[in-house]
Amino acid sequence: MAQPEASCSSEQARAAAARELLLAALEELSQEQLKRFRHKLRGAPQDGRSIPWGRLEQADAVDLAEQLTHFYGPEPALEVARKTLKRADIRDVAAQLKEQRLQRLGPSSSALLSVSEYKKTYREHVLRQHAKVKERNARSVKITKRFTKLLIAPESAALAPEALGPAEAPEPERARRSDTHTFNRLFGHDEEGQRPLTVVLQGPAGIGKTMAAKKILYDWAAGKLYHGQVDFAFFLPCAELLERPDACSLADLVLEQCPDRSAPVRQMLASSERLLFILDGADELPAAASDPAEAAAGITDPFEAAGAARVLGSLLSKALLPQARLLVTSRPAAPGRLQGRLRSPQCAEVRGFSDRDKKKYFYKFFQDEWRAERAYRFVKENETLFELCFVPFVCWIVCTVLRQQLELGQDLARASKTTTSVYLLFVVSFLSSGPTADRPQVQGELRRLCRLAREGALGRRAQFAERDLERLQLSGSKVQTLFLVKKELPGVLQTEVAYQFIDQSFQQFFAALSYLLEEAGPAAPAGGVGELLRGDLPLTTRFLFGLLSAERVRDIQCHFGCVVSERVKQDVLRWVQDQCQGQGRAPAAPPAAEESQELKDTEGSMEAEAEEEVKVEVEVEEEEEEEEEEANFQLELLYCLHESQEAAFVRQALRALPELVLERWSFSHMDLAVLSYCMRCCPTGQTLRLVGCALPAPLKKKKKSLIKRLQNSLSGTPSQATAGKPQASSLRPLCEALTDQQCGLTSLTLSRCKLSDSACRDLAQALKAAPALTELCLLHNGLSQAGLRALSEGLVWPGSRVQTLRLQQPCLQEGLQYLVGLLQHSPALTTLDLSGCQLPALVVTGLCAALQQPGCRLQTLSLSSVELSEQSLEELQAVRTARPGLVITHSALDSQPAPPKGLSTSL
């Protein structure tokens with residue numbers, strides 16, 4: 001700690017000396033010279049800034065020295081004063097100031113370089129440093145040659161179901177390709193004219209967040225981004241910085257990115273509003289402290305030395321340089337953990353490659369048109385593998401394997417359906433490429449590499465020392481060359497050497513693989529697979545589930561020459577059951593009854609004391625946090641089960657989670673694909689509730705070329721081919737899953753999900769053939785008349801098995817004819833719940849007429865919390881009398897007298 005203090009005192013001494021020199025020079029000026037100096041200072045801004053004239057007009061020598069020091073910093077103020085003296089033709093004082101500064105502060109002073117002079121030097125340095133990026137196999141390629149545009153979409157506004165009706169929900173903004181315009185928009189003004197200071201780029205592992213961040217840095221240095229807004233941009237890799245053993249300050253981190261030690265760091269940091277910090281992998285940072293006192297202890301001084309976690313955390317929370325711009329990359333599960341740190345962030349989702357950019361990536365990778373076309377055509381024909389290639393890192397693995405097999409005159413052996421299978425294919429390809437005689441040695445090296453990965457994953461380590469490799473006999477091995485990269489880190493006395501996996505996802509894959517290779521061996525992990533599952537390592541857990549499928553197990557046993565213990569799968573299944581019991585909910589009341597109860601609770605709480613209201617608010621916030629954690633767990637579990645691609649395993653696991661509830665979740669297309677697969681395999685009795693969820697915009701089909709469109713238009717084929725072909729909704733994959741004969745889903749709730757007409761059409765088709773669905777709840781979805789008609793057609797279809805329909809609409813008057821038809825012709829409907837609906841007298845009259853038709857099979861009609869007129873109550877009482885077997889639930893009906901015998905019930 002002595003060094004920073006000494007450095008600090010040295011800097012203070014230099015600043016004091018600079019102030020003395022500046023004041024002495026200005027005090028030598030006459031009144032006329034001082035006047036000229038003020039005018040020249042006004043007309044020559046430094047670094048795009050100048051002192052307001054109001055502060056200069058009447059300033060004497062002491063005031064001027066104070067203003068210059070405060071505005072530019074002590075040492076830069078000397079340079080500003082010297083240049084201004086020369087322009088004011090006071091050259092003798094300027095020369096004297098230069099000589100005295102040289103004597104007092106020395107020729108190597110950082111003050112000799114002004115910020116404006118250093119901008120160009122730093123930009124040129126960034127262009128040189130980041131012109132090339134290292135691929136996972138340590139090849140260096142030009143970033144301009146390899147970078148392929150990604151789809152980036154602004155995150156949809158979080159839904160607030162209680163305050164925001166479905167009809168008012170904003171339409172999601174479409175994804176844009178990551179060109180210069182898109183990158184510039186990240187820090188653009190929002191609808192209220194505010195410019196965000198923190199932008200979060202989020203997306204799963206391997207989706208291209210780091211490459212996009214590096215391209216943003218490179219484009220800024222090339223003058224394409226944030227022109228006139230950002231003077232300096234710095235790239236901070238969080239995972240690497242967190243492993244630094246020594247304390248450091250933000251100024252230290254900035255200086256390390258500069259080409260030399262003479263950078264004017266203090267002056268650079270003084271204009272924080274013109275700085276951009278790129279924090280890559282912020283999800284690696286430890287969670288924010290729950291203790292308010294500890295959380296408030298952020299660093300505010302950029303020259304204060306502390307642990308990297310504290311420095312980066314203070315930067316994120318805006319305790320440090322609050323006016324600086326932050327570009328943060330993070331995985332999707334992490335924003336919730338970062339939420340306590342970030343201040344009004346603008347989020348954007350990185351969605352990987354479009355189909356067009358997948359093809360571009362293949363051509364850039366192979367750099368040979370014949371091979372690129374052959375590889376791309378092969379992958380395009382494999383639909384599942386082609387879909388997976390939207391993830392850039394998966395695309396790189398596929399291209400790497402294909403290049404190797406094309407060189408050997410081979411093709412991919414089989415389709416790859418999951419990310420796990422692609423990673424395993426890469427490893428198997430490496431195993432198969434060498435001589436057969438060397439295979440046992442390579443198998444042993446891979447086992448030891450898996451052990452290294454597991455130790456790192458469980459110990460939260462991404463970097464390994466030379467001694468770690470020596471201990472596991474990996475130094476100089478083939479697997480080290482392929483899967484590990486060497487890094488040189490600045491040490492206290494000398495440069496330190498460290499190793500890390502070519503990509504963090506590979507470390508997580510090998511960590512999962514280690515449990516299958518060593519479960520029964522002498523190097524078996526002491527804590528068993530439970531140690532991994534309890535470690536909050538989502539990607540590693542997904543890989544583990546993917547490796548447990550029967551097909552993957554056969555691959556591992558074949559290529560690694562081992563027997564995988566069945567106990568691993570049993571332990572994983574037991575863990576799922578334990579987790580589901582911990583996350584399980586109490587048996588849920590019908591949704592309509594829940595909302596009715598909420599209304600009563602709200603009325604009762606009006607009489608509560610203020611102190612009690614605060615207590616309730618706190619409890620509600622805690623409950624919402626618990627619900628969010630539960631939704632995250634359930635969706636993450638679905639991703640794990642999807643990775644296994646084993647229907648029997650998925651069905652067995654979901655038996656422990658009979659009610660699946662996802663609330664306030666903004667679904668991506670991948671989320672829906674995962675949910676659909678799991679519902680296709682779910683056991684009989686499964687319940688699914690989507691509450692306040694935002695569905696993604698439907699995927700648009702690729703437009704035909706202009707020539708083809710003109711040809712089709714002239715021949716009249718478009719009108720024939722496309723007429724009557726309704727557009728698929730984003731809900732279609734889930735609807736198709738419901739019709740699978742293995743799908744055991746019996747109850748589906750869609751609440752506040754803003755169902756479009758096309759979604760209603762797709763759902764109607766599912767209702768016609770869903771083998772197990774007996775209950776459908778549609779609550780506050782803003783259904784249109786066309787949507788109600790489509791759903792009614794599905795419910796009256798002879799194959800529909802829906803017995804219970806819970807429907808809540810603001811007003812059912814427009815859809816009355818469809819509801820009446822539903823009651824008369826539905827083959828299975830026995831319960832209709834309209835609790836909480838607005839039912840005008842005309843609607844009730846129509847319902848009563850339908851209820852008395854011979855074809856109506858309804859046994860229960862629930863009208864809880866529905867305001868009914870006296871006439872409507874009399875009509876319902878008359879129906880009760882005419883149909884004694886029909887149960888009509890309404891609080892006022894029990895006290896309503898029976899209608900006179902003369903009143904006709906034929907309505």
# chains A, B, ... in the order shown; residues from 1 in each chain; ligands from 1
>>> residues_around(residues="Ser751 (chain A)", least_positions_apart="2", cutoff="12 Å", atoms="only C-alpha atoms", output="PyMOL selection string")
chain A and resi 161-162+165-166+591-592+595+661-665+688-695+748-749+753-755+776-783+806-809
>>> residues_around(residues="region 324-333 of chain A", least_positions_apart="3", cutoff="8 Å", atoms="only C-alpha atoms", output="mmCIF file with all heavy atoms, in the first residue's frame")
data_model
loop_
_atom_site.group_PDB
_atom_site.id
_atom_site.type_symbol
_atom_site.label_atom_id
_atom_site.label_comp_id
_atom_site.auth_asym_id
_atom_site.auth_seq_id
_atom_site.Cartn_x
_atom_site.Cartn_y
_atom_site.Cartn_z
ATOM 1 N N LEU A 197 -26.827 6.029 -20.783
ATOM 2 C CA LEU A 197 -25.397 5.985 -20.496
ATOM 3 C C LEU A 197 -24.905 4.554 -20.313
ATOM 4 O O LEU A 197 -23.704 4.313 -20.303
ATOM 5 C CB LEU A 197 -25.080 6.808 -19.235
ATOM 6 C CG LEU A 197 -25.227 8.320 -19.380
ATOM 7 C CD1 LEU A 197 -24.943 9.016 -18.060
ATOM 8 C CD2 LEU A 197 -24.310 8.861 -20.466
ATOM 9 N N THR A 198 -25.835 3.609 -20.157
ATOM 10 C CA THR A 198 -25.477 2.199 -20.027
ATOM 11 C C THR A 198 -26.296 1.391 -21.022
ATOM 12 O O THR A 198 -27.525 1.463 -21.026
ATOM 13 C CB THR A 198 -25.752 1.674 -18.604
ATOM 14 O OG1 THR A 198 -24.998 2.449 -17.670
ATOM 15 C CG2 THR A 198 -25.343 0.217 -18.484
ATOM 16 N N VAL A 199 -25.614 0.636 -21.873
ATOM 17 C CA VAL A 199 -26.266 -0.244 -22.844
ATOM 18 C C VAL A 199 -25.800 -1.666 -22.568
ATOM 19 O O VAL A 199 -24.596 -1.915 -22.452
ATOM 20 C CB VAL A 199 -25.934 0.159 -24.293
ATOM 21 C CG1 VAL A 199 -26.493 -0.865 -25.270
ATOM 22 C CG2 VAL A 199 -26.494 1.541 -24.604
ATOM 23 N N VAL A 200 -26.753 -2.588 -22.441
ATOM 24 C CA VAL A 200 -26.430 -3.995 -22.176
ATOM 25 C C VAL A 200 -26.710 -4.812 -23.425
ATOM 26 O O VAL A 200 -27.848 -4.845 -23.910
ATOM 27 C CB VAL A 200 -27.258 -4.549 -20.998
ATOM 28 C CG1 VAL A 200 -26.896 -6.003 -20.731
ATOM 29 C CG2 VAL A 200 -27.033 -3.714 -19.742
ATOM 30 N N LEU A 201 -25.667 -5.450 -23.968
ATOM 31 C CA LEU A 201 -25.823 -6.404 -25.067
ATOM 32 C C LEU A 201 -25.905 -7.785 -24.439
ATOM 33 O O LEU A 201 -24.931 -8.262 -23.864
ATOM 34 C CB LEU A 201 -24.619 -6.349 -26.019
ATOM 35 C CG LEU A 201 -24.545 -5.201 -27.018
ATOM 36 C CD1 LEU A 201 -23.303 -5.352 -27.872
ATOM 37 C CD2 LEU A 201 -25.767 -5.163 -27.905
ATOM 38 N N GLN A 202 -27.058 -8.425 -24.518
ATOM 39 C CA GLN A 202 -27.187 -9.725 -23.875
ATOM 40 C C GLN A 202 -27.500 -10.808 -24.899
ATOM 41 O O GLN A 202 -28.081 -10.551 -25.951
ATOM 42 C CB GLN A 202 -28.258 -9.683 -22.788
ATOM 43 C CG GLN A 202 -29.656 -9.352 -23.274
ATOM 44 C CD GLN A 202 -30.617 -9.189 -22.113
ATOM 45 O OE1 GLN A 202 -30.330 -8.513 -21.135
ATOM 46 N NE2 GLN A 202 -31.777 -9.819 -22.213
ATOM 47 N N GLY A 203 -27.093 -12.012 -24.562
ATOM 48 C CA GLY A 203 -27.304 -13.150 -25.449
ATOM 49 C C GLY A 203 -26.587 -14.359 -24.879
ATOM 50 O O GLY A 203 -25.700 -14.222 -24.031
ATOM 51 N N PRO A 204 -26.946 -15.561 -25.329
ATOM 52 C CA PRO A 204 -26.327 -16.776 -24.782
ATOM 53 C C PRO A 204 -24.862 -16.900 -25.166
ATOM 54 O O PRO A 204 -24.345 -16.136 -25.989
ATOM 55 C CB PRO A 204 -27.167 -17.899 -25.403
ATOM 56 C CG PRO A 204 -27.744 -17.298 -26.647
ATOM 57 C CD PRO A 204 -27.957 -15.855 -26.346
ATOM 58 N N ALA A 205 -24.185 -17.868 -24.567
ATOM 59 C CA ALA A 205 -22.765 -18.097 -24.843
ATOM 60 C C ALA A 205 -22.560 -18.397 -26.319
ATOM 61 O O ALA A 205 -23.328 -19.130 -26.935
ATOM 62 C CB ALA A 205 -22.261 -19.265 -24.000
ATOM 63 N N LYS A 209 -21.311 -11.846 -28.762
ATOM 64 C CA LYS A 209 -21.306 -10.580 -28.014
ATOM 65 C C LYS A 209 -19.907 -9.978 -27.960
ATOM 66 O O LYS A 209 -19.730 -8.775 -28.174
ATOM 67 C CB LYS A 209 -21.821 -10.809 -26.583
ATOM 68 C CG LYS A 209 -23.196 -11.433 -26.494
ATOM 69 C CD LYS A 209 -23.676 -11.553 -25.064
ATOM 70 C CE LYS A 209 -22.810 -12.496 -24.243
ATOM 71 N NZ LYS A 209 -22.877 -13.884 -24.700
ATOM 72 N N THR A 210 -18.893 -10.810 -27.662
ATOM 73 C CA THR A 210 -17.518 -10.294 -27.549
ATOM 74 C C THR A 210 -17.020 -9.784 -28.891
ATOM 75 O O THR A 210 -16.405 -8.715 -28.969
ATOM 76 C CB THR A 210 -16.589 -11.404 -27.021
ATOM 77 O OG1 THR A 210 -17.016 -11.778 -25.704
ATOM 78 C CG2 THR A 210 -15.152 -10.918 -26.956
ATOM 79 N N ALA A 213 -18.588 -6.505 -29.573
ATOM 80 C CA ALA A 213 -17.989 -5.451 -28.745
ATOM 81 C C ALA A 213 -16.635 -5.026 -29.300
ATOM 82 O O ALA A 213 -16.305 -3.829 -29.327
ATOM 83 C CB ALA A 213 -17.840 -5.946 -27.311
ATOM 84 N N SER A 272 -15.145 12.637 -18.205
ATOM 85 C CA SER A 272 -15.730 11.286 -18.217
ATOM 86 C C SER A 272 -16.903 11.162 -19.178
ATOM 87 O O SER A 272 -17.197 10.072 -19.659
ATOM 88 C CB SER A 272 -16.170 10.889 -16.804
ATOM 89 O OG SER A 272 -17.181 11.765 -16.335
ATOM 90 N N GLU A 273 -17.586 12.297 -19.462
ATOM 91 C CA GLU A 273 -18.728 12.223 -20.365
ATOM 92 C C GLU A 273 -18.306 11.893 -21.795
ATOM 93 O O GLU A 273 -19.149 11.580 -22.637
ATOM 94 C CB GLU A 273 -19.524 13.533 -20.338
ATOM 95 C CG GLU A 273 -18.836 14.733 -20.995
ATOM 96 C CD GLU A 273 -17.791 15.384 -20.095
ATOM 97 O OE1 GLU A 273 -17.596 14.908 -18.957
ATOM 98 O OE2 GLU A 273 -17.169 16.374 -20.535
ATOM 99 N N ARG A 274 -17.003 11.953 -22.093
ATOM 100 C CA ARG A 274 -16.504 11.664 -23.424
ATOM 101 C C ARG A 274 -15.726 10.337 -23.453
ATOM 102 O O ARG A 274 -14.882 10.125 -24.311
ATOM 103 C CB ARG A 274 -15.636 12.813 -23.921
ATOM 104 C CG ARG A 274 -16.396 14.145 -23.964
ATOM 105 C CD ARG A 274 -15.586 15.241 -24.619
ATOM 106 N NE ARG A 274 -15.352 14.990 -26.029
ATOM 107 C CZ ARG A 274 -16.224 15.240 -26.996
ATOM 108 N NH1 ARG A 274 -17.419 15.729 -26.694
ATOM 109 N NH2 ARG A 274 -15.937 15.000 -28.251
ATOM 110 N N LEU A 275 -16.032 9.457 -22.490
ATOM 111 C CA LEU A 275 -15.364 8.161 -22.404
ATOM 112 C C LEU A 275 -16.378 7.037 -22.613
ATOM 113 O O LEU A 275 -17.537 7.150 -22.243
ATOM 114 C CB LEU A 275 -14.701 7.980 -21.037
ATOM 115 C CG LEU A 275 -13.640 9.011 -20.625
ATOM 116 C CD1 LEU A 275 -13.118 8.682 -19.231
ATOM 117 C CD2 LEU A 275 -12.499 9.056 -21.629
ATOM 118 N N LEU A 276 -15.899 5.951 -23.227
ATOM 119 C CA LEU A 276 -16.702 4.742 -23.391
ATOM 120 C C LEU A 276 -15.921 3.563 -22.820
ATOM 121 O O LEU A 276 -14.785 3.310 -23.220
ATOM 122 C CB LEU A 276 -17.009 4.488 -24.879
ATOM 123 C CG LEU A 276 -17.597 3.114 -25.227
ATOM 124 C CD1 LEU A 276 -18.972 2.932 -24.577
ATOM 125 C CD2 LEU A 276 -17.701 2.935 -26.741
ATOM 126 N N PHE A 277 -16.530 2.860 -21.866
ATOM 127 C CA PHE A 277 -15.937 1.654 -21.303
ATOM 128 C C PHE A 277 -16.751 0.451 -21.771
ATOM 129 O O PHE A 277 -17.983 0.433 -21.607
ATOM 130 C CB PHE A 277 -15.926 1.712 -19.772
ATOM 131 C CG PHE A 277 -14.972 2.728 -19.206
ATOM 132 C CD1 PHE A 277 -15.404 4.011 -18.916
ATOM 133 C CD2 PHE A 277 -13.640 2.408 -18.992
ATOM 134 C CE1 PHE A 277 -14.538 4.963 -18.405
ATOM 135 C CE2 PHE A 277 -12.762 3.353 -18.480
ATOM 136 C CZ PHE A 277 -13.202 4.631 -18.192
ATOM 137 N N ILE A 278 -16.081 -0.531 -22.355
ATOM 138 C CA ILE A 278 -16.738 -1.760 -22.803
ATOM 139 C C ILE A 278 -16.404 -2.855 -21.796
ATOM 140 O O ILE A 278 -15.260 -3.289 -21.700
ATOM 141 C CB ILE A 278 -16.274 -2.159 -24.219
ATOM 142 C CG1 ILE A 278 -16.592 -1.037 -25.211
ATOM 143 C CG2 ILE A 278 -16.929 -3.457 -24.655
ATOM 144 C CD1 ILE A 278 -16.048 -1.265 -26.609
ATOM 145 N N LEU A 279 -17.404 -3.276 -21.017
ATOM 146 C CA LEU A 279 -17.219 -4.326 -20.001
ATOM 147 C C LEU A 279 -17.711 -5.636 -20.587
ATOM 148 O O LEU A 279 -18.923 -5.885 -20.662
ATOM 149 C CB LEU A 279 -17.986 -3.989 -18.727
ATOM 150 C CG LEU A 279 -17.277 -3.036 -17.739
ATOM 151 C CD1 LEU A 279 -17.193 -1.634 -18.309
ATOM 152 C CD2 LEU A 279 -18.008 -3.003 -16.414
ATOM 153 N N ASP A 280 -16.779 -6.452 -21.042
ATOM 154 C CA ASP A 280 -17.133 -7.703 -21.703
ATOM 155 C C ASP A 280 -17.276 -8.823 -20.662
ATOM 156 O O ASP A 280 -16.351 -9.085 -19.894
ATOM 157 C CB ASP A 280 -16.050 -8.075 -22.725
ATOM 158 C CG ASP A 280 -16.418 -9.307 -23.517
ATOM 159 O OD1 ASP A 280 -17.580 -9.421 -23.926
ATOM 160 O OD2 ASP A 280 -15.539 -10.177 -23.722
ATOM 161 N N GLY A 281 -18.444 -9.473 -20.652
ATOM 162 C CA GLY A 281 -18.666 -10.576 -19.720
ATOM 163 C C GLY A 281 -18.955 -10.115 -18.308
ATOM 164 O O GLY A 281 -18.422 -10.667 -17.346
ATOM 165 N N ALA A 282 -19.827 -9.123 -18.160
ATOM 166 C CA ALA A 282 -20.127 -8.592 -16.823
ATOM 167 C C ALA A 282 -20.855 -9.611 -15.958
ATOM 168 O O ALA A 282 -20.913 -9.451 -14.736
ATOM 169 C CB ALA A 282 -20.969 -7.316 -16.938
ATOM 170 N N ASP A 283 -21.412 -10.674 -16.572
ATOM 171 C CA ASP A 283 -22.065 -11.712 -15.776
ATOM 172 C C ASP A 283 -21.071 -12.481 -14.919
ATOM 173 O O ASP A 283 -21.472 -13.233 -14.021
ATOM 174 C CB ASP A 283 -22.819 -12.683 -16.686
ATOM 175 C CG ASP A 283 -21.988 -13.143 -17.871
ATOM 176 O OD1 ASP A 283 -21.712 -12.310 -18.761
ATOM 177 O OD2 ASP A 283 -21.603 -14.316 -17.900
ATOM 178 N N LEU A 316 -19.959 -0.051 -13.000
ATOM 179 C CA LEU A 316 -21.302 -0.477 -13.417
ATOM 180 C C LEU A 316 -22.397 0.320 -12.716
ATOM 181 O O LEU A 316 -23.390 0.704 -13.327
ATOM 182 C CB LEU A 316 -21.497 -1.959 -13.100
ATOM 183 C CG LEU A 316 -21.080 -2.988 -14.143
ATOM 184 C CD1 LEU A 316 -21.295 -4.383 -13.598
ATOM 185 C CD2 LEU A 316 -21.865 -2.812 -15.429
ATOM 186 N N LEU A 321 -17.151 7.536 -12.122
ATOM 187 C CA LEU A 321 -17.356 8.217 -13.410
ATOM 188 C C LEU A 321 -18.816 8.103 -13.871
ATOM 189 O O LEU A 321 -19.121 7.447 -14.872
ATOM 190 C CB LEU A 321 -16.427 7.640 -14.474
ATOM 191 C CG LEU A 321 -14.924 7.671 -14.177
ATOM 192 C CD1 LEU A 321 -14.139 7.192 -15.380
ATOM 193 C CD2 LEU A 321 -14.466 9.064 -13.787
ATOM 194 N N GLY A 336 -30.707 -10.103 -14.337
ATOM 195 C CA GLY A 336 -31.396 -10.072 -13.049
ATOM 196 C C GLY A 336 -30.414 -9.898 -11.908
ATOM 197 O O GLY A 336 -30.665 -9.194 -10.944
ATOM 198 N N ARG A 337 -29.246 -10.551 -12.027
ATOM 199 C CA ARG A 337 -28.235 -10.449 -10.982
ATOM 200 C C ARG A 337 -27.543 -9.086 -11.042
ATOM 201 O O ARG A 337 -27.127 -8.545 -10.025
ATOM 202 C CB ARG A 337 -27.212 -11.572 -11.170
ATOM 203 C CG ARG A 337 -26.302 -11.749 -9.974
ATOM 204 C CD ARG A 337 -25.453 -12.990 -10.133
ATOM 205 N NE ARG A 337 -24.506 -12.849 -11.219
ATOM 206 C CZ ARG A 337 -23.593 -13.765 -11.529
ATOM 207 N NH1 ARG A 337 -23.548 -14.889 -10.850
ATOM 208 N NH2 ARG A 337 -22.752 -13.583 -12.512
ATOM 209 N N ASN A 632 -37.149 -18.331 -13.874
ATOM 210 C CA ASN A 632 -35.821 -18.567 -14.427
ATOM 211 C C ASN A 632 -35.430 -20.028 -14.284
ATOM 212 O O ASN A 632 -34.881 -20.632 -15.212
ATOM 213 C CB ASN A 632 -34.784 -17.687 -13.724
ATOM 214 C CG ASN A 632 -34.888 -16.240 -14.136
ATOM 215 O OD1 ASN A 632 -35.469 -15.925 -15.169
ATOM 216 N ND2 ASN A 632 -34.346 -15.352 -13.332
#
>>> residues_around(residues="Leu795 (chain A)", least_positions_apart="6", cutoff="12 Å", atoms="only C-alpha atoms", output="CSV table (one decimal) with N, CA and C atoms, in the first residue's frame")
chain,number,residue,atom,x,y,z
A,760,CYS,N,-54.6,-17.0,-32.6
A,760,CYS,CA,-55.8,-17.7,-32.4
A,760,CYS,C,-56.1,-18.8,-33.4
A,761,ARG,N,-55.8,-18.5,-34.7
A,761,ARG,CA,-56.0,-19.5,-35.7
A,761,ARG,C,-55.2,-20.8,-35.4
A,763,LEU,N,-53.9,-21.7,-32.6
A,763,LEU,CA,-54.4,-22.4,-31.4
A,763,LEU,C,-55.7,-23.2,-31.7
A,764,ALA,N,-56.6,-22.6,-32.5
A,764,ALA,CA,-57.8,-23.3,-32.9
A,764,ALA,C,-57.5,-24.6,-33.6
A,765,GLN,N,-56.5,-24.6,-34.5
A,765,GLN,CA,-56.1,-25.9,-35.2
A,765,GLN,C,-55.6,-26.9,-34.1
A,766,ALA,N,-54.9,-26.4,-33.1
A,766,ALA,CA,-54.4,-27.4,-32.1
A,766,ALA,C,-55.6,-27.9,-31.3
A,767,LEU,N,-56.6,-27.1,-31.0
A,767,LEU,CA,-57.8,-27.6,-30.2
A,767,LEU,C,-58.5,-28.7,-30.9
A,768,LYS,N,-58.4,-28.7,-32.2
A,768,LYS,CA,-59.1,-29.8,-33.0
A,768,LYS,C,-58.5,-31.2,-32.8
A,769,ALA,N,-57.2,-31.2,-32.5
A,769,ALA,CA,-56.6,-32.5,-32.4
A,769,ALA,C,-55.7,-32.8,-31.2
A,770,ALA,N,-55.7,-31.8,-30.2
A,770,ALA,CA,-54.9,-32.1,-29.0
A,770,ALA,C,-55.4,-33.3,-28.3
A,773,LEU,N,-55.7,-32.2,-24.0
A,773,LEU,CA,-56.1,-30.9,-23.5
A,773,LEU,C,-57.6,-30.9,-23.2
A,774,THR,N,-57.9,-30.7,-21.9
A,774,THR,CA,-59.3,-30.7,-21.4
A,774,THR,C,-59.6,-29.3,-20.8
A,775,GLU,N,-58.6,-28.4,-20.5
A,775,GLU,CA,-58.9,-27.1,-19.9
A,775,GLU,C,-58.2,-26.1,-20.6
A,776,LEU,N,-58.9,-25.0,-21.0
A,776,LEU,CA,-58.3,-23.9,-21.7
A,776,LEU,C,-58.7,-22.6,-21.0
A,788,LEU,N,-61.9,-14.7,-31.7
A,788,LEU,CA,-63.0,-15.4,-31.0
A,788,LEU,C,-63.6,-16.4,-32.0
A,789,ARG,N,-63.9,-16.0,-33.2
A,789,ARG,CA,-64.5,-16.9,-34.2
A,789,ARG,C,-63.6,-18.1,-34.4
A,801,ARG,N,-61.4,-32.0,-27.3
A,801,ARG,CA,-61.6,-32.6,-26.0
A,801,ARG,C,-61.7,-31.6,-24.8
A,802,VAL,N,-61.8,-30.3,-25.2
A,802,VAL,CA,-61.8,-29.3,-24.1
A,802,VAL,C,-63.1,-29.3,-23.4
A,803,GLN,N,-63.1,-29.6,-22.1
A,803,GLN,CA,-64.2,-29.7,-21.2
A,803,GLN,C,-64.5,-28.4,-20.4
A,804,THR,N,-63.4,-27.7,-20.1
A,804,THR,CA,-63.5,-26.4,-19.3
A,804,THR,C,-62.9,-25.3,-20.1
A,805,LEU,N,-63.6,-24.2,-20.2
A,805,LEU,CA,-63.2,-23.0,-20.9
A,805,LEU,C,-63.3,-21.8,-19.9
A,818,TYR,N,-70.5,-16.2,-31.5
A,818,TYR,CA,-69.6,-17.4,-31.5
A,818,TYR,C,-69.7,-18.1,-30.2
A,819,LEU,N,-69.9,-17.4,-29.1
A,819,LEU,CA,-70.1,-18.0,-27.8
A,819,LEU,C,-71.4,-18.9,-27.7
A,821,GLY,N,-72.9,-20.2,-30.4
A,821,GLY,CA,-72.7,-21.4,-31.2
A,821,GLY,C,-71.8,-22.4,-30.5
A,822,LEU,N,-70.9,-22.0,-29.7
A,822,LEU,CA,-70.0,-22.8,-28.9
A,822,LEU,C,-70.8,-23.7,-27.9
A,823,LEU,N,-71.7,-23.0,-27.2
A,823,LEU,CA,-72.5,-23.7,-26.2
A,823,LEU,C,-73.5,-24.7,-26.8
A,824,GLN,N,-73.9,-24.5,-28.1
A,824,GLN,CA,-74.9,-25.4,-28.7
A,824,GLN,C,-74.2,-26.6,-29.4
A,825,HIS,N,-72.9,-26.4,-29.8
A,825,HIS,CA,-72.3,-27.4,-30.7
A,825,HIS,C,-71.0,-28.0,-30.2
A,826,SER,N,-70.5,-27.5,-29.1
A,826,SER,CA,-69.2,-28.1,-28.6
A,826,SER,C,-69.4,-29.5,-28.1
A,827,PRO,N,-68.6,-30.5,-28.6
A,827,PRO,CA,-68.8,-31.9,-28.2
A,827,PRO,C,-68.5,-32.3,-26.8
A,828,ALA,N,-67.6,-31.5,-26.2
A,828,ALA,CA,-67.1,-31.9,-24.9
A,828,ALA,C,-67.3,-30.8,-23.8
A,829,LEU,N,-67.6,-29.6,-24.1
A,829,LEU,CA,-67.6,-28.5,-23.1
A,829,LEU,C,-68.6,-28.7,-22.1
A,830,THR,N,-68.2,-28.7,-20.8
A,830,THR,CA,-69.2,-28.9,-19.7
A,830,THR,C,-69.1,-27.8,-18.7
>>> residues_around(residues="Ala772 (chain A)", least_positions_apart="2", cutoff="6 Å", atoms="only C-alpha atoms", output="PyMOL selection string")
chain A and resi 744-746+770
>>> closest_residue(among="A:Glu66, A:Glu373, A:Glu445, A:Glu518", to="Tyr361 (chain A)", atoms="only C-alpha atoms")
A:Glu373
>>> select_by_dssp(residues="region 170-372 of chain A", states="helix (DSSP H, G or I)", output="MDAnalysis selection string")
chainID A and resid 180:185 209:221 238:242 250:256 265:270 272:274 282:284 292:296 308:316 335:338 355:366 369:372
>>> atom_distance(atom1="CA of Ala15 (chain A)", atom2="CA of Gly73 (chain A)")
8.3 Å
>>> atom_distance(atom1="CA of Glu256 (chain A)", atom2="CA of Phe235 (chain A)")
10.7 Å
>>> select_by_dssp(residues="region 344-411 of chain A", states="strand (DSSP E)", output="list in words")
Gln346, Cys347, Ala348, Glu349, Val350, Arg351 and Gly352 of chain A
